[in-house]
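**Q** Take a look at coords10.pdb, PDB, C-alpha atoms:
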ATOM      1  CA  MET A   1      26.879 -28.424 -45.423
ATOM      2  CA  ASN A   2      26.289 -30.101 -42.066
ATOM      3  CA  LEU A   3      25.305 -27.569 -39.440
ATOM      4  CA  PRO A   4      25.026 -28.773 -35.830
ATOM      5  CA  VAL A   5      21.447 -29.096 -34.562
ATOM      6  CA  PRO A   6      21.775 -26.489 -31.720
ATOM      7  CA  LEU A   7      23.016 -23.914 -34.237
ATOM      8  CA  ILE A   8      20.063 -24.576 -36.579
ATOM      9  CA  VAL A   9      17.595 -24.282 -33.675
ATOM     10  CA  LEU A  10      19.332 -21.092 -32.507
ATOM     11  CA  ILE A  11      18.912 -19.628 -36.006
ATOM     12  CA  ILE A  12      15.209 -20.601 -35.946
ATOM     13  CA  ILE A  13      14.837 -18.881 -32.542
ATOM     14  CA  LEU A  14      16.491 -15.713 -33.858
ATOM     15  CA  CYS A  15      14.307 -15.759 -36.990
ATOM     16  CA  LEU A  16      11.117 -16.139 -34.920
ATOM     17  CA  ALA A  17      12.112 -13.369 -32.498
ATOM     18  CA  GLY A  18      13.282 -11.102 -35.344
ATOM     19  CA  THR A  19      10.098 -11.583 -37.389
ATOM     20  CA  GLY A  20       7.939 -10.922 -34.324
ATOM     21  CA  LEU A  21       9.862  -7.798 -33.315
ATOM     22  CA  TYR A  22       9.789  -6.475 -36.890
ATOM     23  CA  CYS A  23       6.003  -6.982 -37.024
ATOM     24  CA  LEU A  24       5.633  -5.225 -33.652
ATOM     25  CA  LEU A  25       7.535  -2.223 -34.982
ATOM     26  CA  ILE A  26       5.779  -1.840 -38.325
ATOM     27  CA  THR A  27       2.169  -2.788 -37.602
ATOM     28  CA  ARG A  28      -0.628  -0.663 -36.174
ATOM     29  CA  ASN A  29      -3.304  -3.357 -36.225
ATOM     30  CA  LEU A  30      -4.121  -4.597 -32.701
ATOM     31  CA  ILE A  31      -4.704  -8.214 -33.751
ATOM     32  CA  LYS A  32      -1.440  -8.231 -35.729
ATOM     33  CA  VAL A  33       0.308  -7.050 -32.539
ATOM     34  CA  VAL A  34      -0.976 -10.189 -30.769
ATOM     35  CA  VAL A  35       0.282 -12.316 -33.704
ATOM     36  CA  ALA A  36       3.735 -10.692 -33.348
ATOM     37  CA  LEU A  37       3.792 -11.364 -29.593
ATOM     38  CA  GLN A  38       2.894 -15.004 -30.254
ATOM     39  CA  LEU A  39       5.853 -15.362 -32.630
ATOM     40  CA  ILE A  40       8.296 -13.862 -30.093
ATOM     41  CA  ILE A  41       6.958 -16.091 -27.307
ATOM     42  CA  LYS A  42       7.353 -19.197 -29.476
ATOM     43  CA  GLY A  43      11.008 -18.260 -29.977
ATOM     44  CA  ALA A  44      11.473 -17.847 -26.207
ATOM     45  CA  MET A  45       9.865 -21.224 -25.523
ATOM     46  CA  LEU A  46      12.089 -22.934 -28.077
ATOM     47  CA  ALA A  47      15.117 -21.268 -26.422
ATOM     48  CA  PHE A  48      14.180 -22.694 -23.000
ATOM     49  CA  VAL A  49      13.846 -26.209 -24.419
ATOM     50  CA  LEU A  50      17.107 -25.889 -26.392
ATOM     51  CA  ALA A  51      18.946 -24.749 -23.251
ATOM     52  CA  GLY A  52      17.503 -27.722 -21.324
ATOM     53  CA  ASN A  53      18.521 -30.068 -24.126
ATOM     54  CA  LEU A  54      22.080 -28.722 -24.297
ATOM     55  CA  THR A  55      22.655 -28.888 -20.530
ATOM     56  CA  GLY A  56      21.084 -32.327 -20.130
ATOM     57  CA  GLN A  57      18.254 -30.892 -18.022
ATOM     58  CA  ILE A  58      15.357 -31.187 -20.405
ATOM     59  CA  ASN A  59      12.850 -31.421 -17.526
ATOM     60  CA  THR A  60      13.801 -27.979 -16.222
ATOM     61  CA  GLY A  61      13.463 -26.619 -19.751
ATOM     62  CA  GLN A  62      10.047 -28.252 -20.104
ATOM     63  CA  THR A  63       8.864 -26.802 -16.782
ATOM     64  CA  LEU A  64       9.859 -23.280 -17.822
ATOM     65  CA  ALA A  65       8.336 -23.764 -21.287
ATOM     66  CA  LEU A  66       5.052 -24.834 -19.641
ATOM     67  CA  THR A  67       4.907 -21.533 -17.743
ATOM     68  CA  VAL A  68       5.665 -19.688 -20.987
ATOM     69  CA  ILE A  69       2.799 -21.494 -22.773
ATOM     70  CA  VAL A  70       0.322 -20.511 -20.029
ATOM     71  CA  ALA A  71       1.509 -16.884 -20.127
ATOM     72  CA  ASP A  72       1.394 -16.945 -23.946
ATOM     73  CA  THR A  73      -2.230 -18.101 -23.996
ATOM     74  CA  ILE A  74      -3.319 -15.513 -21.437
ATOM     75  CA  VAL A  75      -1.518 -12.749 -23.380
ATOM     76  CA  ALA A  76      -3.458 -13.834 -26.485
ATOM     77  CA  VAL A  77      -6.798 -13.858 -24.602
ATOM     78  CA  ILE A  78      -6.279 -10.449 -22.963
ATOM     79  CA  GLY A  79      -4.878  -8.908 -26.167
ATOM     80  CA  LEU A  80      -7.741 -10.165 -28.318
ATOM     81  CA  ALA A  81     -10.326  -9.070 -25.727
ATOM     82  CA  LEU A  82      -8.751  -5.602 -25.730
ATOM     83  CA  ALA A  83      -8.747  -5.523 -29.535
ATOM     84  CA  VAL A  84     -12.423  -6.535 -29.730
ATOM     85  CA  GLN A  85     -13.461  -3.937 -27.147
ATOM     86  CA  VAL A  86     -11.461  -1.194 -28.905
ATOM     87  CA  ARG A  87     -13.057  -2.155 -32.224
ATOM     88  CA  LEU A  88     -16.579  -2.094 -30.710
ATOM     89  CA  ARG A  89     -16.006   1.297 -29.066
ATOM     90  CA  THR A  90     -13.954   3.149 -31.676
ATOM     91  CA  GLY A  91     -14.830   1.264 -34.881
ATOM     92  CA  SER A  92     -11.179   0.633 -35.721
ATOM     93  CA  LEU A  93      -8.369  -1.775 -34.869
ATOM     94  CA  ASP A  94      -5.770   0.994 -35.147
ATOM     95  CA  LEU A  95      -3.310   1.180 -32.243
ATOM     96  CA  LYS A  96      -3.669   4.961 -32.181
ATOM     97  CA  SER A  97      -7.379   4.661 -31.428
ATOM     98  CA  LEU A  98      -6.388   3.328 -27.996
ATOM     99  CA  SER A  99      -5.742   6.943 -26.978
ATOM    100  CA  LYS A 100      -9.456   7.703 -27.470
ATOM    101  CA  LEU A 101     -10.323   5.357 -24.579
ATOM    102  CA  LYS A 102      -9.162   7.879 -21.966
ATOM    103  CA  ARG A 103     -11.816  10.425 -22.982
TER     104      ARG A 103
ATOM    105  CA  MET B   1      18.264 -32.139 -42.766
ATOM    106  CA  VAL B   2      14.885 -32.456 -41.022
ATOM    107  CA  TYR B   3      15.760 -29.490 -38.786
ATOM    108  CA  VAL B   4      16.748 -27.364 -41.807
ATOM    109  CA  LEU B   5      13.454 -28.143 -43.572
ATOM    110  CA  LEU B   6      11.473 -27.433 -40.411
ATOM    111  CA  GLY B   7      13.398 -24.185 -39.931
ATOM    112  CA  ILE B   8      12.644 -23.033 -43.474
ATOM    113  CA  GLY B   9       8.986 -23.968 -42.967
ATOM    114  CA  ILE B  10       8.779 -22.036 -39.695
ATOM    115  CA  LEU B  11      10.438 -18.961 -41.224
ATOM    116  CA  VAL B  12       8.126 -18.995 -44.275
ATOM    117  CA  CYS B  13       4.994 -19.431 -42.123
ATOM    118  CA  ALA B  14       6.096 -16.691 -39.679
ATOM    119  CA  VAL B  15       6.826 -14.216 -42.489
ATOM    120  CA  LEU B  16       3.500 -15.005 -44.205
ATOM    121  CA  ALA B  17       1.700 -14.527 -40.857
ATOM    122  CA  VAL B  18       3.257 -11.064 -40.638
ATOM    123  CA  VAL B  19       2.816  -9.885 -44.256
ATOM    124  CA  SER B  20      -0.636 -11.366 -44.888
ATOM    125  CA  LYS B  21      -3.265  -8.656 -45.480
ATOM    126  CA  ARG B  22      -6.214 -10.688 -44.153
ATOM    127  CA  LEU B  23      -6.229 -11.335 -40.400
ATOM    128  CA  LEU B  24      -7.882 -14.754 -40.736
ATOM    129  CA  ILE B  25      -5.164 -15.979 -43.129
ATOM    130  CA  SER B  26      -2.564 -14.532 -40.757
ATOM    131  CA  ALA B  27      -4.040 -16.571 -37.873
ATOM    132  CA  ILE B  28      -3.900 -19.750 -39.956
ATOM    133  CA  TRP B  29      -0.206 -19.185 -40.819
ATOM    134  CA  LEU B  30       0.444 -18.631 -37.109
ATOM    135  CA  ALA B  31      -1.227 -21.968 -36.308
ATOM    136  CA  LEU B  32       0.993 -23.680 -38.880
ATOM    137  CA  THR B  33       4.066 -22.050 -37.292
ATOM    138  CA  SER B  34       2.931 -23.451 -33.929
ATOM    139  CA  ALA B  35       2.520 -26.931 -35.375
ATOM    140  CA  LEU B  36       6.033 -26.882 -36.892
ATOM    141  CA  VAL B  37       7.525 -25.523 -33.638
ATOM    142  CA  SER B  38       5.876 -28.399 -31.749
ATOM    143  CA  ILE B  39       7.595 -30.897 -34.102
ATOM    144  CA  ILE B  40      10.975 -29.321 -33.296
ATOM    145  CA  LEU B  41      10.145 -29.445 -29.565
ATOM    146  CA  TYR B  42       9.380 -33.165 -29.929
ATOM    147  CA  LEU B  43      12.649 -33.793 -31.765
ATOM    148  CA  LEU B  44      14.566 -31.958 -29.011
ATOM    149  CA  GLY B  45      13.141 -34.389 -26.438
ATOM    150  CA  ALA B  46      10.479 -32.136 -24.877
ATOM    151  CA  HIS B  47       7.592 -34.513 -25.556
ATOM    152  CA  HIS B  48       5.094 -33.128 -23.028
ATOM    153  CA  ILE B  49       5.604 -29.546 -24.138
ATOM    154  CA  ALA B  50       5.298 -30.545 -27.809
ATOM    155  CA  VAL B  51       1.858 -32.026 -27.170
ATOM    156  CA  ILE B  52       0.742 -29.041 -25.081
ATOM    157  CA  GLU B  53       2.044 -26.576 -27.696
ATOM    158  CA  LEU B  54       0.228 -28.432 -30.477
ATOM    159  CA  SER B  55      -3.086 -28.486 -28.612
ATOM    160  CA  VAL B  56      -2.885 -25.021 -27.044
ATOM    161  CA  GLY B  57      -0.754 -23.042 -29.513
ATOM    162  CA  ALA B  58      -2.119 -24.472 -32.735
ATOM    163  CA  GLY B  59      -5.604 -25.322 -31.430
ATOM    164  CA  LEU B  60      -6.982 -23.139 -28.665
ATOM    165  CA  VAL B  61      -5.208 -19.908 -29.623
ATOM    166  CA  THR B  62      -6.281 -20.270 -33.276
ATOM    167  CA  VAL B  63      -9.890 -20.768 -32.193
ATOM    168  CA  LEU B  64      -9.596 -17.617 -30.053
ATOM    169  CA  PHE B  65      -8.161 -15.686 -33.025
ATOM    170  CA  VAL B  66     -10.953 -16.828 -35.362
ATOM    171  CA  PHE B  67     -13.560 -15.983 -32.705
ATOM    172  CA  ALA B  68     -12.099 -12.497 -32.108
ATOM    173  CA  ILE B  69     -11.736 -11.759 -35.847
ATOM    174  CA  ASN B  70     -15.361 -12.813 -36.388
ATOM    175  CA  ILE B  71     -16.528 -10.384 -33.695
ATOM    176  CA  ALA B  72     -14.183  -7.522 -34.599
ATOM    177  CA  GLY B  73     -14.301  -8.051 -38.361
ATOM    178  CA  GLU B  74     -11.488  -7.758 -40.881
ATOM    179  CA  ASP B  75      -9.803  -4.359 -40.874
ATOM    180  CA  ILE B  76      -7.945  -4.423 -44.176
ATOM    181  CA  THR B  77      -7.227  -0.692 -44.373
ATOM    182  CA  ALA B  78      -3.472  -0.331 -44.878
ATOM    183  CA  LEU B  79      -2.163   1.827 -42.054
ATOM    184  CA  LYS B  80       1.166   3.578 -42.310
ATOM    185  CA  SER B  81       3.689   1.929 -39.983
ATOM    186  CA  ILE B  82       4.843   3.804 -36.876
ATOM    187  CA  VAL B  83       8.561   3.241 -37.517
ATOM    188  CA  PRO B  84       9.898   3.404 -41.124
ATOM    189  CA  LYS B  85      10.582  -0.136 -42.378
ATOM    190  CA  PRO B  86      14.350   0.260 -43.083
ATOM    191  CA  ILE B  87      14.922   1.669 -39.579
ATOM    192  CA  ALA B  88      12.874  -1.174 -38.079
ATOM    193  CA  LEU B  89      14.944  -3.737 -39.992
ATOM    194  CA  ALA B  90      18.226  -2.125 -38.882
ATOM    195  CA  LEU B  91      17.037  -2.059 -35.240
ATOM    196  CA  ILE B  92      16.070  -5.748 -35.353
ATOM    197  CA  ILE B  93      19.395  -6.803 -36.890
ATOM    198  CA  GLY B  94      21.284  -4.781 -34.261
ATOM    199  CA  ALA B  95      19.229  -6.280 -31.408
ATOM    200  CA  LEU B  96      19.704  -9.845 -32.672
ATOM    201  CA  ALA B  97      23.448  -9.346 -33.160
ATOM    202  CA  LEU B  98      23.693  -8.098 -29.557
ATOM    203  CA  LEU B  99      21.673 -11.135 -28.384
ATOM    204  CA  VAL B 100      23.994 -13.559 -30.224
ATOM    205  CA  PHE B 101      27.047 -11.800 -28.746
ATOM    206  CA  LEU B 102      25.664 -12.057 -25.196
ATOM    207  CA  VAL B 103      24.639 -15.728 -25.657
ATOM    208  CA  LEU B 104      28.071 -16.691 -26.975
ATOM    209  CA  ARG B 105      29.765 -14.864 -24.091
ATOM    210  CA  ALA B 106      27.615 -16.682 -21.509
ATOM    211  CA  VAL B 107      28.242 -20.189 -22.927
ATOM    212  CA  GLY B 108      30.189 -22.277 -20.442
ATOM    213  CA  VAL B 109      30.145 -19.588 -17.750
ATOM    214  CA  ILE B 110      27.012 -20.630 -15.862
ATOM    215  CA  PRO B 111      27.656 -23.633 -13.549
ATOM    216  CA  LEU B 112      25.170 -26.468 -13.941
ATOM    217  CA  PRO B 113      23.960 -28.929 -11.294
ATOM    218  CA  ASN B 114      24.189 -32.515 -12.521
ATOM    219  CA  ALA B 115      21.461 -34.161 -10.415
ATOM    220  CA  PHE B 116      18.658 -35.638 -12.527
ATOM    221  CA  VAL B 117      15.167 -34.785 -11.314
ATOM    222  CA  THR B 118      11.799 -35.427 -12.907
ATOM    223  CA  GLN B 119       9.600 -32.723 -14.351
ATOM    224  CA  SER B 120       6.959 -33.032 -11.613
ATOM    225  CA  GLU B 121       9.624 -32.741  -8.878
ATOM    226  CA  ILE B 122      10.919 -29.529 -10.451
ATOM    227  CA  LEU B 123       7.421 -28.138 -10.886
ATOM    228  CA  TRP B 124       6.269 -28.850  -7.321
ATOM    229  CA  GLN B 125       9.466 -28.097  -5.400
ATOM    230  CA  PRO B 126      11.990 -25.521  -6.697
ATOM    231  CA  ARG B 127       9.624 -23.832  -9.127
ATOM    232  CA  TYR B 128       6.378 -23.911  -7.129
ATOM    233  CA  LEU B 129       6.103 -20.127  -7.506
ATOM    234  CA  ASP B 130       5.545 -20.734 -11.224
ATOM    235  CA  LEU B 131       2.420 -22.694 -10.333
ATOM    236  CA  LEU B 132       1.065 -19.781  -8.277
ATOM    237  CA  LEU B 133       1.818 -17.463 -11.204
ATOM    238  CA  GLN B 134       0.026 -19.823 -13.571
ATOM    239  CA  ILE B 135      -3.064 -19.893 -11.313
ATOM    240  CA  ALA B 136      -3.093 -16.069 -11.224
ATOM    241  CA  LEU B 137      -2.675 -15.955 -15.005
ATOM    242  CA  ILE B 138      -5.544 -18.368 -15.549
ATOM    243  CA  PHE B 139      -7.835 -16.132 -13.452
ATOM    244  CA  ALA B 140      -6.676 -13.165 -15.555
ATOM    245  CA  GLY B 141      -7.514 -15.213 -18.649
ATOM    246  CA  VAL B 142     -11.045 -15.849 -17.358
ATOM    247  CA  LEU B 143     -11.514 -12.096 -16.915
ATOM    248  CA  GLY B 144     -10.134 -11.629 -20.441
ATOM    249  CA  VAL B 145     -12.696 -14.029 -21.892
ATOM    250  CA  LEU B 146     -15.441 -12.115 -20.044
ATOM    251  CA  GLY B 147     -14.078  -8.951 -21.701
ATOM    252  CA  LEU B 148     -14.126 -10.691 -25.058
ATOM    253  CA  LEU B 149     -17.801 -11.535 -24.659
ATOM    254  CA  ALA B 150     -18.872  -8.419 -22.744
ATOM    255  CA  ASP B 151     -20.656  -6.298 -25.347
ATOM    256  CA  SER B 152     -22.240  -9.023 -27.421
ATOM    257  CA  LYS B 153     -25.069  -9.664 -24.929
ATOM    258  CA  PRO B 154     -26.435  -6.107 -24.521
ATOM    259  CA  VAL B 155     -26.399  -5.683 -28.310
ATOM    260  CA  GLN B 156     -28.374  -8.895 -28.742
ATOM    261  CA  LYS B 157     -30.842  -7.849 -26.036
ATOM    262  CA  ALA B 158     -31.297  -4.447 -27.657
ATOM    263  CA  GLU B 159     -31.923  -6.126 -31.015
ATOM    264  CA  VAL B 160     -34.505  -8.478 -29.467
ATOM    265  CA  GLU B 161     -36.265  -5.522 -27.823
ATOM    266  CA  GLU B 162     -36.352  -3.653 -31.128
ATOM    267  CA  GLU B 163     -37.794  -6.721 -32.854
ATOM    268  CA  GLU B 164     -40.485  -7.031 -30.134
ATOM    269  CA  GLU B 165     -41.397  -3.366 -30.564
ATOM    270  CA  ASP B 166     -41.687  -3.860 -34.323
ATOM    271  CA  LEU B 167     -44.068  -6.778 -33.788
TER     272      LEU B 167
END
Is it possible to express this structure as structure tokens?
**A**
Amino acid sequence: MNLPVPLIVLIIILCLAGTGLYCLLITRNLIKVVVALQLIIKGAMLAFVLAGNLTGQINTGQTLALTVIVADTIVAVIGLALAVQVRLRTGSLDLKSLSKLKR
Amino acid sequence: MVYVLLGIGILVCAVLAVVSKRLLISAIWLALTSALVSIILYLLGAHHIAVIELSVGAGLVTVLFVFAINIAGEDITALKSIVPKPIALALIIGALALLVFLVLRAVGVIPLPNAFVTQSEILWQPRYLDLLLQIALIFAGVLGVLGLLADSKPVQKAEVEEEEEDL
């Protein structure tokens, strides 16, 4: 079975996005939420590069992927900082404990 | 064949990152996913991004995860998921099927300019707004790191004061 490369990469992108979205829906742990976001963002980045590769404009794809990597890192930093602060204040990493912060 | 093996590796690592009970193990599987994704990026011809993804995605972000898990501690208590798992699975399959449908419909519709330009030309001219966004994001990241470290200092000071009082 010889699948074309773009189709294989597209399947990988869908798997990454699907796994990340599934984790986002089922988890209540704040750090796991950041892990799920990382998986989705990796799928998006791969999609940009695949689109650049298919259209012969790999440099445009790389430029967009660079922006995605910066945003991805900052999302991880902010998310982890939020998780640590919630843990220090409420003693739990549960998503529902975020509602206690408003009191 | 290489792509199929890499794809299977990425899928296995991503699933293990999601189902792993311990957060530290989960972070390590995520780093491995990043490393495999960077190999695919390299094979697709995006050499710069592959290197950046390997150093930032598999390196820096993993260090941040380990640092945060060390401060916050492992929270192994199994929490009941917000959405029931079968419904979540059905929603994901529906969303992905819709995505595939929209992608296939858009193929060949969008006109493409043929002029070849280098990456730096794209970054500094048509997409210069991205650079401004990246600068803003980096400042937000600095504030995030300050948030990550915020409470550790007062706790240490309080401990030192308590120790001095004991002496």
**Q** For Val84 (chain A), which residue among B:Pro126, B:Pro84, B:Gly141, B:Gly73 is the nearest when counting all atoms listed in the file?
**A**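 Ranking B:Pro126, B:Pro84, B:Gly141, B:Gly73 by distance to Val84 (chain A), first place goes to B:Gly73.
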**Q** Using only C-alpha atoms, which residues of region 1-101 of chain A come within 7 Å of region 5-29 of chain B, and what is the closest atom pair for each, with the distance in Å to one decimal? Give it as a tab-separated table, sorted by chain and residue number.
**A**
residue	atom	partner	partner_atom	distance
A:Ile12	CA	B:Gly7	CA	5.7
A:Cys15	CA	B:Leu11	CA	6.6
A:Leu16	CA	B:Ala14	CA	6.9
A:Thr19	CA	B:Val15	CA	6.6
A:Cys23	CA	B:Val18	CA	6.1
**Q** Fewer than 6 positions away in the same chain doesn't count, so skip those; otherwise give me all residues within 9 Å of region 48-55 of chain A, counting only C-alpha atoms, as a ChimeraX atom specification.
**A** /A:6,9-10,61-62,64-65 /B:41,44-46,49,112,114
**Q** Write a file of the just-selected residues containing C-alpha atoms, as a PDB file, in the coordinates of the input.
**A**
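Now in result-v7.pdb:
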ATOM      1  CA  PRO A   6      21.775 -26.489 -31.720  1.00  0.00           C
ATOM      2  CA  VAL A   9      17.595 -24.282 -33.675  1.00  0.00           C
ATOM      3  CA  LEU A  10      19.332 -21.092 -32.507  1.00  0.00           C
ATOM      4  CA  GLY A  61      13.463 -26.619 -19.751  1.00  0.00           C
ATOM      5  CA  GLN A  62      10.047 -28.252 -20.104  1.00  0.00           C
ATOM      6  CA  LEU A  64       9.859 -23.280 -17.822  1.00  0.00           C
ATOM      7  CA  ALA A  65       8.336 -23.764 -21.287  1.00  0.00           C
TER       8      ALA A  65
ATOM      9  CA  LEU B  41      10.145 -29.445 -29.565  1.00  0.00           C
ATOM     10  CA  LEU B  44      14.566 -31.958 -29.011  1.00  0.00           C
ATOM     11  CA  GLY B  45      13.141 -34.389 -26.438  1.00  0.00           C
ATOM     12  CA  ALA B  46      10.479 -32.136 -24.877  1.00  0.00           C
ATOM     13  CA  ILE B  49       5.604 -29.546 -24.138  1.00  0.00           C
ATOM     14  CA  LEU B 112      25.170 -26.468 -13.941  1.00  0.00           C
ATOM     15  CA  ASN B 114      24.189 -32.515 -12.521  1.00  0.00           C
TER      16      ASN B 114
END
**Q** Please, which residues of chain B lie no more than 7 Å from chain A when the count uses all atoms listed in the file, and can they be set out as a VMD selection string?
**A** chain B and resid 3 to 4 7 11 14 to 15 18 41 44 46 49 61 68 71 to 72 75 79 81 to 83 85 88 to 89 92 96 118 to 119 122 to 123 130 134 137 to 138 141 144 to 145 147 to 148
**Q** Got time to write the residues from that selection, C-alpha atoms, as a PDB file, in the coordinates of the input?
**A**
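Once everything was written out, this is part-v2.pdb:
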ATOM      1  CA  TYR B   3      15.760 -29.490 -38.786  1.00  0.00           C
ATOM      2  CA  VAL B   4      16.748 -27.364 -41.807  1.00  0.00           C
ATOM      3  CA  GLY B   7      13.398 -24.185 -39.931  1.00  0.00           C
ATOM      4  CA  LEU B  11      10.438 -18.961 -41.224  1.00  0.00           C
ATOM      5  CA  ALA B  14       6.096 -16.691 -39.679  1.00  0.00           C
ATOM      6  CA  VAL B  15       6.826 -14.216 -42.489  1.00  0.00           C
ATOM      7  CA  VAL B  18       3.257 -11.064 -40.638  1.00  0.00           C
ATOM      8  CA  LEU B  41      10.145 -29.445 -29.565  1.00  0.00           C
ATOM      9  CA  LEU B  44      14.566 -31.958 -29.011  1.00  0.00           C
ATOM     10  CA  ALA B  46      10.479 -32.136 -24.877  1.00  0.00           C
ATOM     11  CA  ILE B  49       5.604 -29.546 -24.138  1.00  0.00           C
ATOM     12  CA  VAL B  61      -5.208 -19.908 -29.623  1.00  0.00           C
ATOM     13  CA  ALA B  68     -12.099 -12.497 -32.108  1.00  0.00           C
ATOM     14  CA  ILE B  71     -16.528 -10.384 -33.695  1.00  0.00           C
ATOM     15  CA  ALA B  72     -14.183  -7.522 -34.599  1.00  0.00           C
ATOM     16  CA  ASP B  75      -9.803  -4.359 -40.874  1.00  0.00           C
ATOM     17  CA  LEU B  79      -2.163   1.827 -42.054  1.00  0.00           C
ATOM     18  CA  SER B  81       3.689   1.929 -39.983  1.00  0.00           C
ATOM     19  CA  ILE B  82       4.843   3.804 -36.876  1.00  0.00           C
ATOM     20  CA  VAL B  83       8.561   3.241 -37.517  1.00  0.00           C
ATOM     21  CA  LYS B  85      10.582  -0.136 -42.378  1.00  0.00           C
ATOM     22  CA  ALA B  88      12.874  -1.174 -38.079  1.00  0.00           C
ATOM     23  CA  LEU B  89      14.944  -3.737 -39.992  1.00  0.00           C
ATOM     24  CA  ILE B  92      16.070  -5.748 -35.353  1.00  0.00           C
ATOM     25  CA  LEU B  96      19.704  -9.845 -32.672  1.00  0.00           C
ATOM     26  CA  THR B 118      11.799 -35.427 -12.907  1.00  0.00           C
ATOM     27  CA  GLN B 119       9.600 -32.723 -14.351  1.00  0.00           C
ATOM     28  CA  ILE B 122      10.919 -29.529 -10.451  1.00  0.00           C
ATOM     29  CA  LEU B 123       7.421 -28.138 -10.886  1.00  0.00           C
ATOM     30  CA  ASP B 130       5.545 -20.734 -11.224  1.00  0.00           C
ATOM     31  CA  GLN B 134       0.026 -19.823 -13.571  1.00  0.00           C
ATOM     32  CA  LEU B 137      -2.675 -15.955 -15.005  1.00  0.00           C
ATOM     33  CA  ILE B 138      -5.544 -18.368 -15.549  1.00  0.00           C
ATOM     34  CA  GLY B 141      -7.514 -15.213 -18.649  1.00  0.00           C
ATOM     35  CA  GLY B 144     -10.134 -11.629 -20.441  1.00  0.00           C
ATOM     36  CA  VAL B 145     -12.696 -14.029 -21.892  1.00  0.00           C
ATOM     37  CA  GLY B 147     -14.078  -8.951 -21.701  1.00  0.00           C
ATOM     38  CA  LEU B 148     -14.126 -10.691 -25.058  1.00  0.00           C
TER      39      LEU B 148
END
**Q** Enter the distance from CA of Leu37 (chain A) to CA of Val56 (chain B), in Å, rounded to one decimal.
**A**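 Going from CA of Leu37 (chain A) over to CA of Val56 (chain B) covers 15.4 Å.
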**Q** Would you kindly return, as a PyMOL selection string, each protein, DNA or RNA residue with an atom no farther than 8 Å from any atom of region 51-55 of chain B, considering all atoms listed in the file and excluding same-chain residues fewer than 4 positions away?
**A** (chain A and resi 69) or (chain B and resi 34-35+38+47+59-60)
**Q** Go through B:Ile69, B:Ala58, B:Arg105, B:Val2 one by one, measure the shortest atom-to-atom distance of each to Ile40 (chain B) using all atoms listed in the file, and give the residue with the smallest value.
**A**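 Residue with the minimum atom-to-atom distance to Ile40 (chain B): B:Val2.
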